[in-house]
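Dumped structure.csv below, it's CSV, C-alpha atoms:
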chain,number,residue,atom,x,y,z
A,1,MET,CA,3.4,21.6,-26.3
A,2,THR,CA,4.7,24.5,-24.2
A,3,ASP,CA,2.9,25.6,-21.0
A,4,GLU,CA,1.8,28.7,-22.9
A,5,ASP,CA,0.3,26.5,-25.6
A,6,ILE,CA,-1.4,24.4,-23.0
A,7,LEU,CA,-3.1,27.5,-21.4
A,8,ALA,CA,-4.1,28.8,-24.8
A,9,GLY,CA,-5.6,25.4,-25.7
A,10,VAL,CA,-7.5,25.3,-22.5
A,11,CYS,CA,-9.1,28.7,-23.3
A,12,GLN,CA,-10.2,27.6,-26.7
A,13,GLY,CA,-12.6,24.9,-25.4
A,14,GLY,CA,-13.8,21.8,-27.3
A,15,ARG,CA,-11.4,19.3,-28.6
A,16,GLN,CA,-8.5,21.6,-28.3
A,17,GLN,CA,-9.2,22.0,-24.6
A,18,ASP,CA,-9.4,18.2,-24.2
A,19,ALA,CA,-5.9,17.9,-25.8
A,20,ALA,CA,-4.5,20.7,-23.7
A,21,VAL,CA,-5.9,19.2,-20.5
A,22,LYS,CA,-4.2,15.8,-21.4
A,23,ALA,CA,-0.9,17.6,-22.1
A,24,LEU,CA,-1.2,19.5,-18.9
A,25,TYR,CA,-1.7,16.3,-17.0
A,26,GLN,CA,1.2,14.6,-18.8
A,27,ALA,CA,3.6,17.5,-18.2
A,28,HIS,CA,2.9,18.4,-14.6
A,29,ALA,CA,0.8,15.8,-12.7
A,30,GLN,CA,3.7,13.7,-11.5
A,31,ALA,CA,5.8,16.7,-10.5
A,32,MET,CA,2.9,18.3,-8.6
A,33,LEU,CA,2.1,15.0,-6.8
A,34,ARG,CA,5.7,14.9,-5.7
A,35,PHE,CA,5.6,18.5,-4.6
A,36,PHE,CA,2.5,17.9,-2.5
A,37,VAL,CA,3.9,14.8,-0.8
A,38,HIS,CA,7.2,16.5,-0.1
A,39,GLN,CA,5.2,19.2,1.7
A,40,GLY,CA,4.0,16.6,4.2
A,41,VAL,CA,0.7,15.7,2.5
A,42,SER,CA,-0.4,12.0,2.3
A,43,ALA,CA,-0.6,10.2,-1.1
A,44,GLU,CA,-4.4,10.2,-1.0
A,45,ASP,CA,-4.6,13.9,-0.2
A,46,ALA,CA,-2.0,14.7,-2.8
A,47,SER,CA,-4.2,13.1,-5.5
A,48,ASP,CA,-7.2,15.2,-4.3
A,49,ILE,CA,-5.1,18.4,-4.2
A,50,LEU,CA,-3.8,17.6,-7.7
A,51,GLN,CA,-7.4,17.3,-9.0
A,52,ASP,CA,-8.3,20.6,-7.3
A,53,THR,CA,-5.2,22.2,-8.9
A,54,LEU,CA,-6.0,21.0,-12.4
A,55,VAL,CA,-9.6,22.0,-12.1
A,56,LYS,CA,-8.6,25.5,-10.9
A,57,ILE,CA,-6.1,25.8,-13.7
A,58,ILE,CA,-8.7,24.9,-16.3
A,59,ARG,CA,-11.3,27.2,-14.8
A,60,SER,CA,-9.0,30.2,-14.5
A,61,ALA,CA,-6.7,29.7,-17.5
A,62,HIS,CA,-8.2,32.8,-19.2
A,63,GLY,CA,-6.9,34.8,-16.2
A,64,PHE,CA,-3.3,34.1,-17.3
A,65,ARG,CA,-2.2,37.3,-19.0
A,66,GLY,CA,1.0,36.0,-20.5
A,67,THR,CA,3.1,38.7,-18.7
A,68,GLY,CA,5.0,36.1,-16.7
A,69,SER,CA,6.0,32.5,-17.2
A,70,ALA,CA,3.1,30.1,-17.7
A,71,GLN,CA,5.0,27.5,-15.7
A,72,ALA,CA,5.3,29.9,-12.7
A,73,TRP,CA,1.6,30.6,-13.0
A,74,LEU,CA,0.8,26.9,-13.0
A,75,TRP,CA,2.9,26.3,-9.9
A,76,GLN,CA,1.3,29.3,-8.2
A,77,VAL,CA,-2.1,27.7,-8.6
A,78,ALA,CA,-0.6,24.4,-7.2
A,79,ARG,CA,0.8,26.2,-4.1
A,80,ASN,CA,-2.5,28.1,-3.6
A,81,CYS,CA,-4.4,24.8,-3.6
A,82,LEU,CA,-1.9,23.3,-1.1
A,83,LEU,CA,-2.4,26.3,1.1
A,84,ASP,CA,-6.2,26.0,0.9
A,85,PHE,CA,-5.8,22.3,1.9
A,86,HIS,CA,-3.6,23.2,4.9
A,87,ALA,CA,-6.0,26.0,5.9
A,88,ALA,CA,-9.0,23.6,5.8
A,89,ARG,CA,-7.0,21.0,7.8
A,90,ALA,CA,-6.0,23.7,10.3
A,91,ARG,CA,-9.6,24.6,10.9
A,92,TRP,CA,-10.4,20.9,11.6
A,93,ALA,CA,-7.3,20.5,13.8
A,94,GLY,CA,-8.4,23.6,15.7
A,95,ARG,CA,-11.7,22.0,16.5
A,96,GLU,CA,-10.1,18.8,17.5
A,97,LEU,CA,-7.5,20.6,19.6
A,98,ALA,CA,-10.2,22.5,21.4
A,99,VAL,CA,-11.9,19.3,22.4
A,100,ASP,CA,-8.6,17.6,23.4
A,101,ALA,CA,-6.9,20.6,25.0
A,102,ALA,CA,-6.8,19.0,28.5
A,103,ARG,CA,-5.4,15.8,27.2
A,104,TRP,CA,-2.8,17.6,25.1
A,105,ASP,CA,-1.6,19.6,28.2
A,106,SER,CA,-1.0,16.3,30.1
A,107,LEU,CA,0.9,14.9,27.1
A,108,ALA,CA,3.0,17.9,26.8
A,109,ASP,CA,4.6,17.2,30.1
A,110,THR,CA,5.7,13.8,29.2
A,111,THR,CA,6.5,14.0,25.4
A,112,PRO,CA,10.3,14.6,24.8
A,113,ALA,CA,11.1,17.8,22.9
A,114,PRO,CA,11.8,17.2,19.2
A,115,LEU,CA,15.3,18.6,19.5
A,116,ALA,CA,16.4,16.3,22.3
A,117,CYS,CA,18.7,14.3,20.1
A,118,ALA,CA,21.9,15.0,22.0
A,119,MET,CA,21.9,11.4,23.0
A,120,ASP,CA,21.8,10.2,19.3
A,121,ALA,CA,24.6,7.9,18.5
A,122,THR,CA,25.7,9.6,15.4
A,123,VAL,CA,25.8,13.0,13.8
A,124,ASP,CA,23.8,11.7,10.8
A,125,ALA,CA,21.0,10.5,13.0
A,126,CYS,CA,21.0,13.8,14.9
A,127,VAL,CA,20.8,15.8,11.7
A,128,ALA,CA,18.1,13.5,10.3
A,129,SER,CA,16.1,14.0,13.4
A,130,GLY,CA,16.6,17.7,13.3
A,131,LEU,CA,15.6,17.9,9.7
A,132,ASP,CA,12.4,16.0,10.4
A,133,ALA,CA,11.5,18.5,13.1
A,134,PHE,CA,12.4,21.4,10.8
A,135,ALA,CA,10.3,19.9,8.0
A,136,GLN,CA,7.3,19.5,10.3
A,137,GLN,CA,7.5,23.1,11.3
A,138,MET,CA,8.6,24.7,8.0
A,139,PRO,CA,7.7,22.3,5.2
A,140,GLU,CA,8.2,24.9,2.5
A,141,ARG,CA,11.7,25.8,3.6
A,142,ALA,CA,12.6,22.1,3.9
A,143,HIS,CA,11.4,21.6,0.3
A,144,ALA,CA,13.4,24.5,-0.9
A,145,LEU,CA,16.5,23.0,0.7
A,146,ALA,CA,15.7,19.7,-0.9
A,147,LEU,CA,15.6,21.4,-4.3
A,148,GLN,CA,18.9,23.0,-3.6
A,149,MET,CA,20.3,19.6,-2.5
A,150,GLU,CA,19.1,18.2,-5.9
A,151,GLY,CA,21.3,20.8,-7.6
A,152,LEU,CA,18.5,22.7,-9.3
A,153,SER,CA,19.3,26.2,-10.5
A,154,ILE,CA,18.2,29.2,-8.5
A,155,GLU,CA,15.7,30.1,-11.3
A,156,ALA,CA,14.2,26.5,-11.3
A,157,ILE,CA,13.8,26.6,-7.5
A,158,GLY,CA,12.3,30.1,-7.8
A,159,ARG,CA,9.6,28.8,-10.2
A,160,GLN,CA,8.5,26.1,-7.8
A,161,ILE,CA,8.5,28.3,-4.7
A,162,GLY,CA,7.1,31.3,-6.6
A,163,ARG,CA,9.9,33.8,-6.2
A,164,SER,CA,12.3,35.7,-8.3
A,165,ALA,CA,15.9,34.5,-8.6
A,166,ALA,CA,17.1,37.2,-6.1
A,167,ALA,CA,14.3,36.5,-3.7
A,168,THR,CA,15.0,32.8,-3.9
A,169,LYS,CA,18.7,33.4,-3.0
A,170,GLU,CA,17.6,35.4,0.0
A,171,TYR,CA,15.0,32.8,0.9
A,172,LEU,CA,17.6,30.0,0.8
A,173,SER,CA,20.0,32.1,2.9
A,174,GLN,CA,17.1,32.5,5.5
A,175,CYS,CA,16.5,28.7,5.3
A,176,ARG,CA,20.1,28.1,6.3
A,177,LYS,CA,19.7,30.4,9.4
A,178,LYS,CA,16.3,28.9,10.2
A,179,ILE,CA,17.5,25.3,10.2
A,180,GLN,CA,20.5,26.0,12.5
A,181,PRO,CA,18.7,25.7,15.8
A,182,PHE,CA,17.6,22.2,14.6
A,183,VAL,CA,21.0,20.9,13.5
A,184,ALA,CA,23.9,23.1,14.7
A,185,HIS,CA,24.3,21.2,17.9
A,186,CYS,CA,24.8,17.9,16.0
A,187,ILE,CA,28.2,19.0,14.7
A,188,ASP,CA,29.3,19.3,18.3
A,189,LEU,CA,29.0,15.6,18.6
A,190,LEU,CA,31.9,15.2,16.2
A,191,SER,CA,34.3,16.6,18.7
A,192,HIS,CA,33.1,14.2,21.4
B,1,MET,CA,24.3,50.8,-9.9
B,2,THR,CA,26.6,47.9,-8.9
B,3,ASP,CA,25.8,45.1,-6.5
B,4,PRO,CA,27.3,45.7,-3.0
B,5,ALA,CA,30.4,43.7,-2.2
B,6,PRO,CA,29.6,40.3,-0.7
B,7,THR,CA,29.8,40.1,3.1
B,8,PRO,CA,31.5,37.2,4.9
B,9,ASP,CA,28.0,36.0,5.7
B,10,ASP,CA,27.1,36.0,2.0
B,11,LYS,CA,30.2,34.0,1.3
B,12,ALA,CA,29.4,31.5,4.0
B,13,ASP,CA,25.8,31.2,2.6
B,14,ALA,CA,27.1,30.5,-0.9
B,15,GLN,CA,29.6,27.9,0.4
B,16,TRP,CA,27.0,26.2,2.6
B,17,LEU,CA,24.5,26.1,-0.3
B,18,ALA,CA,27.2,24.8,-2.7
B,19,ALA,CA,28.1,22.0,-0.2
B,20,LEU,CA,24.4,21.2,0.2
B,21,ALA,CA,24.2,20.7,-3.6
B,22,GLY,CA,27.2,18.4,-3.4
B,23,GLN,CA,29.9,20.8,-4.5
B,24,PRO,CA,31.8,21.8,-1.3
B,25,ASP,CA,34.3,24.6,-1.5
B,26,ALA,CA,37.7,23.2,-0.2
B,27,GLN,CA,38.5,26.7,1.2
B,28,ALA,CA,35.3,26.8,3.3
B,29,ASP,CA,35.3,26.2,7.0
B,30,ASP,CA,35.4,22.5,7.8
B,31,ARG,CA,32.5,22.6,10.2
B,32,LEU,CA,30.4,24.4,7.6
B,33,ASN,CA,31.1,21.7,5.0
B,34,ARG,CA,30.6,18.9,7.4
B,35,GLN,CA,27.2,20.2,8.5
B,36,ALA,CA,26.1,20.8,4.9
B,37,ALA,CA,27.3,17.3,4.0
B,38,ALA,CA,25.4,15.7,6.9
B,39,LEU,CA,22.3,17.7,6.0
B,40,ARG,CA,22.6,16.8,2.3
B,41,GLN,CA,22.6,13.1,3.3
B,42,ALA,CA,19.6,13.6,5.6
B,43,LEU,CA,17.7,15.4,2.8
B,44,GLN,CA,18.6,12.7,0.3
B,45,GLN,CA,17.2,10.0,2.7
B,46,ARG,CA,14.1,12.0,3.4
B,47,SER,CA,13.6,12.6,-0.3
B,48,ARG,CA,13.9,8.9,-1.1
B,49,ARG,CA,11.5,8.0,1.7
B,50,LEU,CA,8.9,10.6,0.5
B,51,ASP,CA,9.3,9.6,-3.2
B,52,GLU,CA,8.2,6.1,-2.3
B,53,ALA,CA,4.9,7.6,-1.0
B,54,VAL,CA,4.3,9.7,-4.1
B,55,PRO,CA,1.3,8.2,-6.0
B,56,ALA,CA,1.8,7.6,-9.7
B,57,ALA,CA,0.1,9.9,-12.2
B,58,ASP,CA,-1.2,6.8,-14.0
B,59,ALA,CA,-4.2,5.9,-16.1
B,60,ALA,CA,-6.5,5.4,-13.1
B,61,LEU,CA,-5.7,8.9,-11.7
B,62,TRP,CA,-6.2,10.3,-15.2
B,63,GLN,CA,-9.6,8.6,-15.4
B,64,GLN,CA,-10.6,10.0,-12.0
B,65,LEU,CA,-9.7,13.5,-13.2
B,66,GLN,CA,-11.5,13.0,-16.5
B,67,PHE,CA,-14.6,11.9,-14.6
B,68,ARG,CA,-14.5,15.0,-12.4
B,69,LEU,CA,-13.8,17.3,-15.3
B,70,ARG,CA,-16.8,15.9,-17.2
B,71,ARG,CA,-19.0,16.2,-14.1
B,72,GLU,CA,-18.0,19.8,-13.9
B,73,GLY,CA,-18.5,20.4,-17.6
B,74,LEU,CA,-14.8,21.1,-18.2
B,75,LEU,CA,-14.2,18.3,-20.7
B,76,THR,CA,-16.3,17.2,-23.7
B,77,GLN,CA,-18.0,13.8,-23.6
B,78,PRO,CA,-16.6,11.7,-26.4
B,79,PRO,CA,-19.2,9.8,-28.5
B,80,ARG,CA,-19.7,6.2,-27.2
B,81,TRP,CA,-18.1,4.7,-30.3
B,82,GLN,CA,-14.9,6.5,-29.6
B,83,ARG,CA,-14.8,5.2,-26.1
B,84,LEU,CA,-14.9,1.6,-27.4
B,85,PRO,CA,-11.5,0.1,-28.0
B,86,ALA,CA,-10.8,-1.0,-31.6
B,87,TRP,CA,-11.0,-4.7,-30.9
B,88,GLY,CA,-14.2,-4.1,-29.0
B,89,LEU,CA,-15.6,-2.2,-31.9
B,90,ALA,CA,-14.6,-5.1,-34.3
B,91,ALA,CA,-16.3,-7.6,-31.9
B,92,THR,CA,-19.4,-5.4,-31.8
B,93,VAL,CA,-19.7,-5.2,-35.5
B,94,ALA,CA,-19.1,-9.0,-35.9
B,95,LEU,CA,-21.7,-9.6,-33.2
B,96,ALA,CA,-24.2,-7.2,-34.8
B,97,VAL,CA,-23.9,-8.9,-38.2
B,98,GLY,CA,-24.2,-12.4,-36.6
B,99,LEU,CA,-27.2,-11.4,-34.6
B,100,GLY,CA,-28.7,-9.6,-37.5
B,101,LEU,CA,-28.6,-12.7,-39.6
B,102,GLN,CA,-29.9,-14.9,-36.8
B,103,LEU,CA,-32.8,-12.6,-35.7
B,104,GLY,CA,-33.6,-10.9,-38.9
B,105,VAL,CA,-34.0,-7.2,-39.4
B,106,GLY,CA,-37.4,-5.6,-39.6
B,107,GLN,CA,-39.3,-8.7,-38.4
B,108,GLY,CA,-40.1,-7.5,-35.0
B,109,GLY,CA,-36.7,-9.0,-33.8
B,110,TRP,CA,-34.1,-7.4,-31.5
B,111,PHE,CA,-32.6,-5.2,-34.3
B,112,SER,CA,-35.9,-3.8,-35.5
B,113,GLY,CA,-36.2,-1.3,-32.6
B,114,TRP,CA,-32.5,-0.5,-32.9
B,115,PHE,CA,-32.7,0.4,-36.6
B,116,ASN,CA,-35.9,2.4,-35.9
B,117,GLY,CA,-33.7,4.7,-33.8
B,118,ASP,CA,-34.4,3.2,-30.3
B,119,SER,CA,-31.1,4.0,-28.8
B,120,SER,CA,-32.2,4.0,-25.1
B,121,ALA,CA,-29.5,4.7,-22.6
B,122,ASP,CA,-28.5,2.0,-20.1
B,123,VAL,CA,-31.2,1.3,-17.5
B,124,LEU,CA,-30.0,0.5,-14.0
B,125,ARG,CA,-32.0,-1.9,-11.7
B,126,SER,CA,-31.0,-2.6,-8.2
B,127,GLY,CA,-30.9,-6.0,-6.6
B,128,PRO,CA,-28.4,-8.2,-4.8
B,129,GLY,CA,-26.0,-7.2,-7.6
B,130,LEU,CA,-26.7,-4.5,-10.1
B,131,GLN,CA,-28.7,-5.0,-13.2
B,132,LEU,CA,-27.6,-3.0,-16.1
B,133,ARG,CA,-30.3,-3.1,-18.9
B,134,VAL,CA,-28.5,-2.3,-22.1
B,135,SER,CA,-29.3,-2.4,-25.8
B,136,GLN,CA,-26.1,-4.3,-26.7
B,137,PRO,CA,-24.8,-6.4,-23.7
B,138,GLU,CA,-21.7,-7.8,-25.6
B,139,ALA,CA,-20.6,-4.4,-26.8
B,140,ARG,CA,-21.1,-2.9,-23.3
B,141,LEU,CA,-19.2,-5.9,-21.8
B,142,ALA,CA,-16.3,-5.3,-24.2
B,143,GLU,CA,-16.3,-1.6,-23.1
B,144,LEU,CA,-16.4,-2.4,-19.4
B,145,LEU,CA,-13.7,-5.1,-19.7
B,146,ALA,CA,-11.4,-2.7,-21.4
B,147,GLY,CA,-11.9,-0.1,-18.7
B,148,LEU,CA,-11.6,-2.6,-15.8
B,149,GLN,CA,-8.4,-3.9,-17.3
B,150,VAL,CA,-7.0,-0.4,-17.3
B,151,ALA,CA,-8.0,-0.2,-13.7
B,152,GLY,CA,-5.9,-3.3,-13.0
B,153,ALA,CA,-8.9,-5.6,-12.3
B,154,GLN,CA,-9.4,-9.2,-13.5
B,155,PRO,CA,-13.1,-9.6,-13.8
B,156,THR,CA,-14.8,-12.9,-14.3
B,157,VAL,CA,-17.6,-13.3,-16.9
B,158,SER,CA,-20.3,-15.9,-17.2
B,159,ARG,CA,-23.4,-16.1,-19.4
B,160,PRO,CA,-26.4,-17.5,-17.5
B,161,GLY,CA,-28.5,-17.6,-20.7
B,162,GLY,CA,-31.1,-15.4,-22.3
B,163,GLY,CA,-28.4,-13.0,-23.6
B,164,ARG,CA,-27.6,-12.1,-20.0
B,165,ILE,CA,-24.0,-11.6,-18.9
B,166,LEU,CA,-22.8,-11.8,-15.4
B,167,LEU,CA,-19.6,-9.8,-14.6
B,168,GLN,CA,-17.9,-10.0,-11.2
B,169,VAL,CA,-14.9,-8.1,-10.1
B,170,ALA,CA,-13.1,-7.4,-6.9
B,171,ALA,CA,-13.9,-3.9,-5.6
B,172,SER,CA,-10.9,-1.6,-5.5
B,173,GLU,CA,-10.6,2.2,-5.6
B,174,ALA,CA,-9.5,2.1,-9.2
B,175,VAL,CA,-12.4,-0.2,-10.1
B,176,LEU,CA,-15.0,2.0,-8.3
B,177,SER,CA,-13.5,5.1,-9.8
B,178,TYR,CA,-13.8,3.6,-13.3
B,179,LEU,CA,-17.3,2.5,-12.8
B,180,ALA,CA,-18.2,5.9,-11.4
B,181,SER,CA,-16.8,7.4,-14.6
B,182,GLN,CA,-19.4,5.2,-16.4
B,183,ARG,CA,-22.1,6.4,-14.1
B,184,ILE,CA,-22.3,3.0,-12.4
B,185,GLU,CA,-22.5,3.0,-8.6
B,186,PRO,CA,-22.7,-0.7,-7.6
B,187,ALA,CA,-23.2,-2.2,-4.2
B,188,ARG,CA,-20.4,-4.3,-2.8
B,189,ALA,CA,-20.8,-7.8,-1.2
B,190,ASP,CA,-17.8,-9.3,0.5
B,191,GLY,CA,-15.5,-7.0,-1.5
B,192,THR,CA,-17.0,-8.1,-4.8
B,193,ILE,CA,-19.0,-6.2,-7.3
B,194,THR,CA,-21.6,-8.0,-9.4
B,195,LEU,CA,-23.0,-6.6,-12.5
B,196,LEU,CA,-25.7,-8.3,-14.6
B,197,LEU,CA,-26.0,-7.0,-18.2
B,198,VAL,CA,-29.5,-7.7,-19.4
B,199,PRO,CA,-30.7,-7.1,-23.0
B,200,LEU,CA,-33.3,-4.3,-23.1
B,201,THR,CA,-35.8,-6.6,-24.7
B,202,ASP,CA,-35.6,-9.0,-21.8
B,203,GLN,CA,-38.4,-8.1,-19.3
B,204,PRO,CA,-37.5,-8.2,-15.6

Output the file's structure as C-alpha cells, nothing else.
Amino acid sequence: MTDEDILAGVCQGGRQQDAAVKALYQAHAQAMLRFFVHQGVSAEDASDILQDTLVKIIRSAHGFRGTGSAQAWLWQVARNCLLDFHAARARWAGRELAVDAARWDSLADTTPAPLACAMDATVDACVASGLDAFAQQMPERAHALALQMEGLSIEAIGRQIGRSAAATKEYLSQCRKKIQPFVAHCIDLLSH
Amino acid sequence: MTDPAPTPDDKADAQWLAALAGQPDAQADDRLNRQAAALRQALQQRSRRLDEAVPAADAALWQQLQFRLRREGLLTQPPRWQRLPAWGLAATVALAVGLGLQLGVGQGGWFSGWFNGDSSADVLRSGPGLQLRVSQPEARLAELLAGLQVAGAQPTVSRPGGGRILLQVAASEAVLSYLASQRIEPARADGTITLLLVPLTDQP
C-alpha cells in the first residue's frame, strides 16, 4: 500500500480506514519514533507524539490534495506535532525558569561552558562533546547531518526535513557553517 | 538559464558532506577530511546511543493507539466475536455446549436468559480487587488472557468456585494499557491487579 493509498483509505472510513490506519502504523511508526528520539525527545514522549501525529493524520487526511508527495505530507504532520510538543514544553520551562531565575543566575557563574573541551584528551572526545552541544541547541540541524552521515540522498533527507532538494543542499551547507564554532577548534588538537 | 559555476566554498561544502557520508575526496584539504571523519564518528556514536532509546512500535503501542482512536471515534469497534482469538472461540463453543447440556436450555437455567437475548454488557463492581460481572466468565477469561499475553504479562488464574474466576497479574504500563482498551480500570495493590470474573447470574 503506498502512502497515497493509505491517505485515500483513511478518507473512505469504515473497514477501509481501519486497514489504512494499520498500514500507516506499520509503514511509519518506527521511523517516526526514531525521528522524535533523535530530536532530543524521551522514549515516553516520543510515543505520545507519535499518537498525536497519527491522530492528526487521520483527522486531516482529507486535507491532502495530492499535489505533492504523500510521504512529505505525513512527515510534515510529524514535524508539526514535534514543534507543538516543544512549544508546550517551552511554555512550561518558561514558568519554571521564572521561578528559578535567581538560582539559575548563581549556577551560571559556576557551570563550565559547553565548548570548554580544549582540555579533552582526544579529538574524537572533543568533537563528540561539540556535537552534543550543537545537537542541544540545534536538534534539527544535528538530525539533518546524521541523515547525511547515513548516506541518504538529498531528496530523502529533504522529505524528512520538509524541504526541496535545492533547499536541502543549502540547509546542509548552512549546517556545516553552524557546527564549526562547536568543533573547529578540535582539529587544532591534532597539531599539538 | 544555466546554474552559476560552483564557488570554492560550494566545492568545500560538497567535499565535506561527501566525507561526512563516508566518501572522502582524496583531493580535498586534509583538515577538512579529518574534521568530517571525526564528526562522522561522533554522529555514528550518537546515533547508536539514541537508537537504543527508541521505543519499539510493537503490539502494545499499537493497542494503545487503537484504544485512543476508538475513544476519539476514528476507528470502528470490531464485534466481540472478532476480538476473540480462534482458540478462545473454540474453547467458548465447547464450553457453551458443555454447559448447555449440563444446565439445560429453556429450563430457567443459565442459558435461558442468554437465548432470550439477554446479552448484558460486563458489569463492574469495586472492592479490594475488581469484580467483573460477565455473562460468560470462561470466554471473557480467554479473551483477557490473550490480550494480557500480547502485553507480555503472565497472569495467574484460580477458580474459587461458583463459576467465579480469579485472575491476578503484575501491573505494568502495557497491562494497564490493554485493560484500559477493554474499559477496565483496576485498582492496584502491591503492584498486582486482581480481577474477579463473576457470572451474571451469581448475586453479590

Tell me the residues of chain B close to chain A, meaning within 8 Å using all atoms listed in the file, as an mmCIF file with C-alpha atoms, in the frame of the given file.
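Below you can see out-v4.cif, which holds the result:
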data_model
loop_
_atom_site.group_PDB
_atom_site.id
_atom_site.type_symbol
_atom_site.label_atom_id
_atom_site.label_comp_id
_atom_site.auth_asym_id
_atom_site.auth_seq_id
_atom_site.Cartn_x
_atom_site.Cartn_y
_atom_site.Cartn_z
ATOM 1 C CA ASP B 13 25.800 31.200 2.600
ATOM 2 C CA LEU B 17 24.500 26.100 -0.300
ATOM 3 C CA LEU B 20 24.400 21.200 0.200
ATOM 4 C CA ALA B 21 24.200 20.700 -3.600
ATOM 5 C CA GLY B 22 27.200 18.400 -3.400
ATOM 6 C CA ARG B 31 32.500 22.600 10.200
ATOM 7 C CA ARG B 34 30.600 18.900 7.400
ATOM 8 C CA GLN B 35 27.200 20.200 8.500
ATOM 9 C CA ALA B 38 25.400 15.700 6.900
ATOM 10 C CA LEU B 39 22.300 17.700 6.000
ATOM 11 C CA ARG B 40 22.600 16.800 2.300
ATOM 12 C CA GLN B 41 22.600 13.100 3.300
ATOM 13 C CA ALA B 42 19.600 13.600 5.600
ATOM 14 C CA LEU B 43 17.700 15.400 2.800
ATOM 15 C CA GLN B 44 18.600 12.700 0.300
ATOM 16 C CA SER B 47 13.600 12.600 -0.300
ATOM 17 C CA LEU B 50 8.900 10.600 0.500
ATOM 18 C CA ASP B 51 9.300 9.600 -3.200
ATOM 19 C CA ALA B 53 4.900 7.600 -1.000
ATOM 20 C CA VAL B 54 4.300 9.700 -4.100
ATOM 21 C CA PRO B 55 1.300 8.200 -6.000
ATOM 22 C CA ALA B 56 1.800 7.600 -9.700
ATOM 23 C CA ALA B 57 0.100 9.900 -12.200
ATOM 24 C CA LEU B 61 -5.700 8.900 -11.700
ATOM 25 C CA TRP B 62 -6.200 10.300 -15.200
ATOM 26 C CA LEU B 65 -9.700 13.500 -13.200
ATOM 27 C CA LEU B 69 -13.800 17.300 -15.300
ATOM 28 C CA LEU B 74 -14.800 21.100 -18.200
ATOM 29 C CA LEU B 75 -14.200 18.300 -20.700
ATOM 30 C CA THR B 76 -16.300 17.200 -23.700
#

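One finds CA of Val77 in chain A at 16.4 Å from CA of Ala8 in chain A.
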
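One distance worth recording is that between CA of Trp73 in chain A and CA of Arg68 in chain B, which is 22.4 Å.
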
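The smallest atom-to-atom distance between Glu155 in chain A and any of A:Arg79, A:Arg141, A:Ala133, A:Ser69, using all atoms listed in the file, is found for A:Ser69.
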
(message) Which residue is closest to Ala153 in chain B? Choose from B:Asp25, B:Glu185, B:Asp58, B:Glu173 and count all atoms listed in the file.
(response) B:Glu173

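Note that the spacing between CA of Ser181 in chain B and CA of Ala142 in chain B amounts to 15.9 Å.
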
(request) Identify which of the residues A:Ala78, A:Ile154, A:Ala72, A:Leu83 lies closest to Tyr171 in chain A, counting all atoms listed in the file when measuring atom-to-atom distances. (result) A:Ile154

Long-range neighbours of Ile165 in chain B as a tab-separated table (two decimals) with C-alpha atoms, keeping the file's coordinate frame, 6 Å cut-off, only C-alpha atoms, 5 positions minimum in chain:
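Ended up saving to out06.tsv:
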chain	number	residue	atom	x	y	z
B	158	SER	CA	-20.30	-15.90	-17.20
B	159	ARG	CA	-23.40	-16.10	-19.40
B	196	LEU	CA	-25.70	-8.30	-14.60
B	197	LEU	CA	-26.00	-7.00	-18.20

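When only C-alpha atoms are used to measure the gap to Gly162 in chain A, the shortest distance among A:Leu74, A:Pro181, A:Ala88, A:Ser60 belongs to A:Leu74.
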
(message) Calculated over only C-alpha atoms, which of the candidates B:Ala28, B:Leu179, B:Val198, B:Ala170 has the smallest distance to Glu143 in chain B?
(response) B:Leu179
